>>> print(open('entry_11.cif').read())   # mmCIF, C-alpha atoms
data_input
loop_
_atom_site.group_PDB
_atom_site.id
_atom_site.type_symbol
_atom_site.label_atom_id
_atom_site.label_comp_id
_atom_site.auth_asym_id
_atom_site.auth_seq_id
_atom_site.Cartn_x
_atom_site.Cartn_y
_atom_site.Cartn_z
ATOM 1 C CA MET B 26 111.843 120.715 71.213
ATOM 2 C CA ILE B 27 111.751 118.566 68.087
ATOM 3 C CA LYS B 28 110.860 114.942 68.795
ATOM 4 C CA VAL B 29 112.469 112.501 66.368
ATOM 5 C CA GLY B 30 111.922 108.817 65.654
ATOM 6 C CA ILE B 31 114.647 106.932 63.785
ATOM 7 C CA ASN B 32 113.527 104.191 61.405
ATOM 8 C CA GLY B 33 116.597 102.021 60.863
ATOM 9 C CA PHE B 34 119.617 102.133 63.149
ATOM 10 C CA GLY B 35 122.384 101.307 60.689
ATOM 11 C CA ARG B 36 125.341 103.608 60.003
ATOM 12 C CA ILE B 37 123.164 106.616 59.076
ATOM 13 C CA GLY B 38 120.639 106.105 61.876
ATOM 14 C CA ARG B 39 123.414 105.917 64.472
ATOM 15 C CA ASN B 40 125.058 109.048 63.015
ATOM 16 C CA VAL B 41 121.756 110.930 63.248
ATOM 17 C CA PHE B 42 121.429 109.759 66.852
ATOM 18 C CA ARG B 43 124.954 110.969 67.701
ATOM 19 C CA ALA B 44 124.279 114.328 66.028
ATOM 20 C CA ALA B 45 121.042 114.718 68.004
ATOM 21 C CA LEU B 46 122.941 114.126 71.265
ATOM 22 C CA GLU B 47 124.949 117.283 70.588
ATOM 23 C CA ARG B 48 121.843 119.461 70.201
ATOM 24 C CA ASP B 49 119.518 120.692 72.922
ATOM 25 C CA ASP B 50 116.518 121.127 70.623
ATOM 26 C CA TYR B 51 116.224 117.474 69.487
ATOM 27 C CA GLU B 52 114.850 114.558 71.485
ATOM 28 C CA ILE B 53 115.056 110.983 70.177
ATOM 29 C CA VAL B 54 111.794 109.362 71.243
ATOM 30 C CA ALA B 55 111.973 106.053 69.340
ATOM 31 C CA VAL B 56 114.320 103.845 67.350
ATOM 32 C CA ASN B 57 112.977 101.142 65.031
ATOM 33 C CA ASP B 58 115.183 98.332 63.736
ATOM 34 C CA LEU B 59 115.020 94.569 63.200
ATOM 35 C CA THR B 60 118.220 93.885 65.167
ATOM 36 C CA ASP B 61 118.259 93.044 68.879
ATOM 37 C CA ALA B 62 118.273 96.170 71.096
ATOM 38 C CA LYS B 63 121.353 95.018 73.035
ATOM 39 C CA MET B 64 123.334 94.678 69.796
ATOM 40 C CA LEU B 65 122.211 98.134 68.638
ATOM 41 C CA ALA B 66 123.287 99.622 71.973
ATOM 42 C CA HIS B 67 126.700 97.993 71.593
ATOM 43 C CA LEU B 68 127.093 99.279 68.018
ATOM 44 C CA LEU B 69 126.155 102.796 69.152
ATOM 45 C CA LYS B 70 128.560 102.754 72.091
ATOM 46 C CA TYR B 71 131.567 101.221 70.301
ATOM 47 C CA ASP B 72 131.685 102.730 66.805
ATOM 48 C CA SER B 73 134.824 101.840 64.836
ATOM 49 C CA VAL B 74 134.820 105.165 62.960
ATOM 50 C CA HIS B 75 133.446 107.682 65.471
ATOM 51 C CA VAL B 76 135.217 106.196 68.532
ATOM 52 C CA THR B 77 133.552 105.152 71.775
ATOM 53 C CA LEU B 78 130.557 107.188 72.866
ATOM 54 C CA PRO B 79 131.395 108.764 76.248
ATOM 55 C CA ASP B 80 127.758 108.695 77.414
ATOM 56 C CA PRO B 81 126.288 105.589 79.050
ATOM 57 C CA VAL B 82 124.199 103.420 76.699
ATOM 58 C CA GLU B 83 121.579 101.163 78.274
ATOM 59 C CA VAL B 84 118.650 99.049 77.111
ATOM 60 C CA GLU B 85 115.511 99.284 79.246
ATOM 61 C CA GLY B 86 112.909 96.547 79.247
ATOM 62 C CA ASP B 87 112.657 94.253 76.251
ATOM 63 C CA GLY B 88 114.009 96.952 73.951
#
>>> encode(input="entry_11.cif", output="structure tokens")
Amino acid sequence: MIKVGINGFGRIGRNVFRAALERDDYEIVAVNDLTDAKMLAHLLKYDSVHVTLPDPVEVEGDG
């Protein structure tokens, strides 16, 4: 299992996250960004290019 932290959750960071969801050997352990966690969750879930993510997206704690 490869544990991955994403520094920056813009277009590329979200694409890396989506790609990691399709693989069994990657685990996203952290995401670092200046934007509010609830906004990042919304942007991940409702992407205008890659359509809506079918998986549930939730923010736990303070983000």
>>> closest_residue(input="entry_11.cif", among="B:Val56, B:Ala44, B:Leu68, B:Asp50", to="B:Gly30", atoms="all atoms listed in the file")
B:Val56
>>> atom_distance(input="entry_11.cif", atom1="atom CA of B:Leu59", atom2="atom CA of B:Ser73")
21.2 Å
>>> atom_distance(input="entry_11.cif", atom1="atom CA of B:Glu47", atom2="atom CA of B:Val29")
14.0 Å
>>> resolve_selection(input="entry_11.cif", expression="the PyMOL selection byres ((chain B and resi 80) around 12)", output="ChimeraX atom specification")
/B:43,46-47,66,69-71,76-79,81-83
>>> residues_around(input="entry_11.cif", residues="B:Asn32", least_positions_apart="3", cutoff="12 Å", atoms="all atoms listed in the file", output="list in words")
Val29, Gly35, Arg36, Ile37, Gly38, Arg39, Val41, Phe42, Ile53, Val54, Ala55, Val56, Asn57, Asp58, Leu59 and Thr60 of chain B
>>> atom_distance(input="entry_11.cif", atom1="atom CA of B:Ala45", atom2="atom CA of B:Asp61")
21.9 Å
>>> decode(input="entry_11.cif", residues="stretch 57-73 of chain B", atoms="N, CA and C atoms", output="PDB file, in the first residue's frame")
ATOM      1  N   ASN B  57      -3.713  18.841   1.770  1.00  0.00           N
ATOM      2  CA  ASN B  57      -3.349  20.153   2.293  1.00  0.00           C
ATOM      3  C   ASN B  57      -3.760  21.225   1.289  1.00  0.00           C
ATOM      4  N   ASP B  58      -4.534  22.197   1.743  1.00  0.00           N
ATOM      5  CA  ASP B  58      -4.943  23.299   0.880  1.00  0.00           C
ATOM      6  C   ASP B  58      -5.375  24.462   1.765  1.00  0.00           C
ATOM      7  N   LEU B  59      -5.354  25.663   1.226  1.00  0.00           N
ATOM      8  CA  LEU B  59      -5.757  26.849   1.982  1.00  0.00           C
ATOM      9  C   LEU B  59      -7.273  27.028   2.041  1.00  0.00           C
ATOM     10  N   THR B  60      -7.986  26.427   1.109  1.00  0.00           N
ATOM     11  CA  THR B  60      -9.439  26.589   1.005  1.00  0.00           C
ATOM     12  C   THR B  60     -10.153  25.774   2.078  1.00  0.00           C
ATOM     13  N   ASP B  61     -11.335  26.217   2.455  1.00  0.00           N
ATOM     14  CA  ASP B  61     -12.180  25.538   3.427  1.00  0.00           C
ATOM     15  C   ASP B  61     -12.456  24.099   2.997  1.00  0.00           C
ATOM     16  N   ALA B  62     -12.404  23.153   3.937  1.00  0.00           N
ATOM     17  CA  ALA B  62     -12.582  21.733   3.634  1.00  0.00           C
ATOM     18  C   ALA B  62     -13.948  21.436   3.019  1.00  0.00           C
ATOM     19  N   LYS B  63     -14.991  22.131   3.458  1.00  0.00           N
ATOM     20  CA  LYS B  63     -16.323  21.893   2.891  1.00  0.00           C
ATOM     21  C   LYS B  63     -16.379  22.295   1.417  1.00  0.00           C
ATOM     22  N   MET B  64     -15.708  23.375   1.063  1.00  0.00           N
ATOM     23  CA  MET B  64     -15.657  23.806  -0.337  1.00  0.00           C
ATOM     24  C   MET B  64     -14.868  22.799  -1.177  1.00  0.00           C
ATOM     25  N   LEU B  65     -13.764  22.302  -0.645  1.00  0.00           N
ATOM     26  CA  LEU B  65     -12.970  21.307  -1.373  1.00  0.00           C
ATOM     27  C   LEU B  65     -13.768  20.027  -1.593  1.00  0.00           C
ATOM     28  N   ALA B  66     -14.537  19.617  -0.591  1.00  0.00           N
ATOM     29  CA  ALA B  66     -15.376  18.426  -0.735  1.00  0.00           C
ATOM     30  C   ALA B  66     -16.412  18.638  -1.831  1.00  0.00           C
ATOM     31  N   HIS B  67     -16.998  19.817  -1.874  1.00  0.00           N
ATOM     32  CA  HIS B  67     -17.985  20.131  -2.910  1.00  0.00           C
ATOM     33  C   HIS B  67     -17.343  20.110  -4.299  1.00  0.00           C
ATOM     34  N   LEU B  68     -16.163  20.714  -4.432  1.00  0.00           N
ATOM     35  CA  LEU B  68     -15.475  20.738  -5.724  1.00  0.00           C
ATOM     36  C   LEU B  68     -15.086  19.333  -6.178  1.00  0.00           C
ATOM     37  N   LEU B  69     -14.721  18.471  -5.233  1.00  0.00           N
ATOM     38  CA  LEU B  69     -14.392  17.085  -5.581  1.00  0.00           C
ATOM     39  C   LEU B  69     -15.636  16.338  -6.044  1.00  0.00           C
ATOM     40  N   LYS B  70     -16.717  16.503  -5.327  1.00  0.00           N
ATOM     41  CA  LYS B  70     -17.955  15.773  -5.627  1.00  0.00           C
ATOM     42  C   LYS B  70     -18.571  16.225  -6.949  1.00  0.00           C
ATOM     43  N   TYR B  71     -18.638  17.522  -7.186  1.00  0.00           N
ATOM     44  CA  TYR B  71     -19.335  18.061  -8.357  1.00  0.00           C
ATOM     45  C   TYR B  71     -18.352  18.727  -9.314  1.00  0.00           C
ATOM     46  N   ASP B  72     -17.603  17.924 -10.043  1.00  0.00           N
ATOM     47  CA  ASP B  72     -16.615  18.427 -10.999  1.00  0.00           C
ATOM     48  C   ASP B  72     -17.291  18.686 -12.333  1.00  0.00           C
ATOM     49  N   SER B  73     -17.077  19.869 -12.903  1.00  0.00           N
ATOM     50  CA  SER B  73     -17.748  20.242 -14.152  1.00  0.00           C
ATOM     51  C   SER B  73     -17.194  19.509 -15.368  1.00  0.00           C
TER      52      SER B  73
END
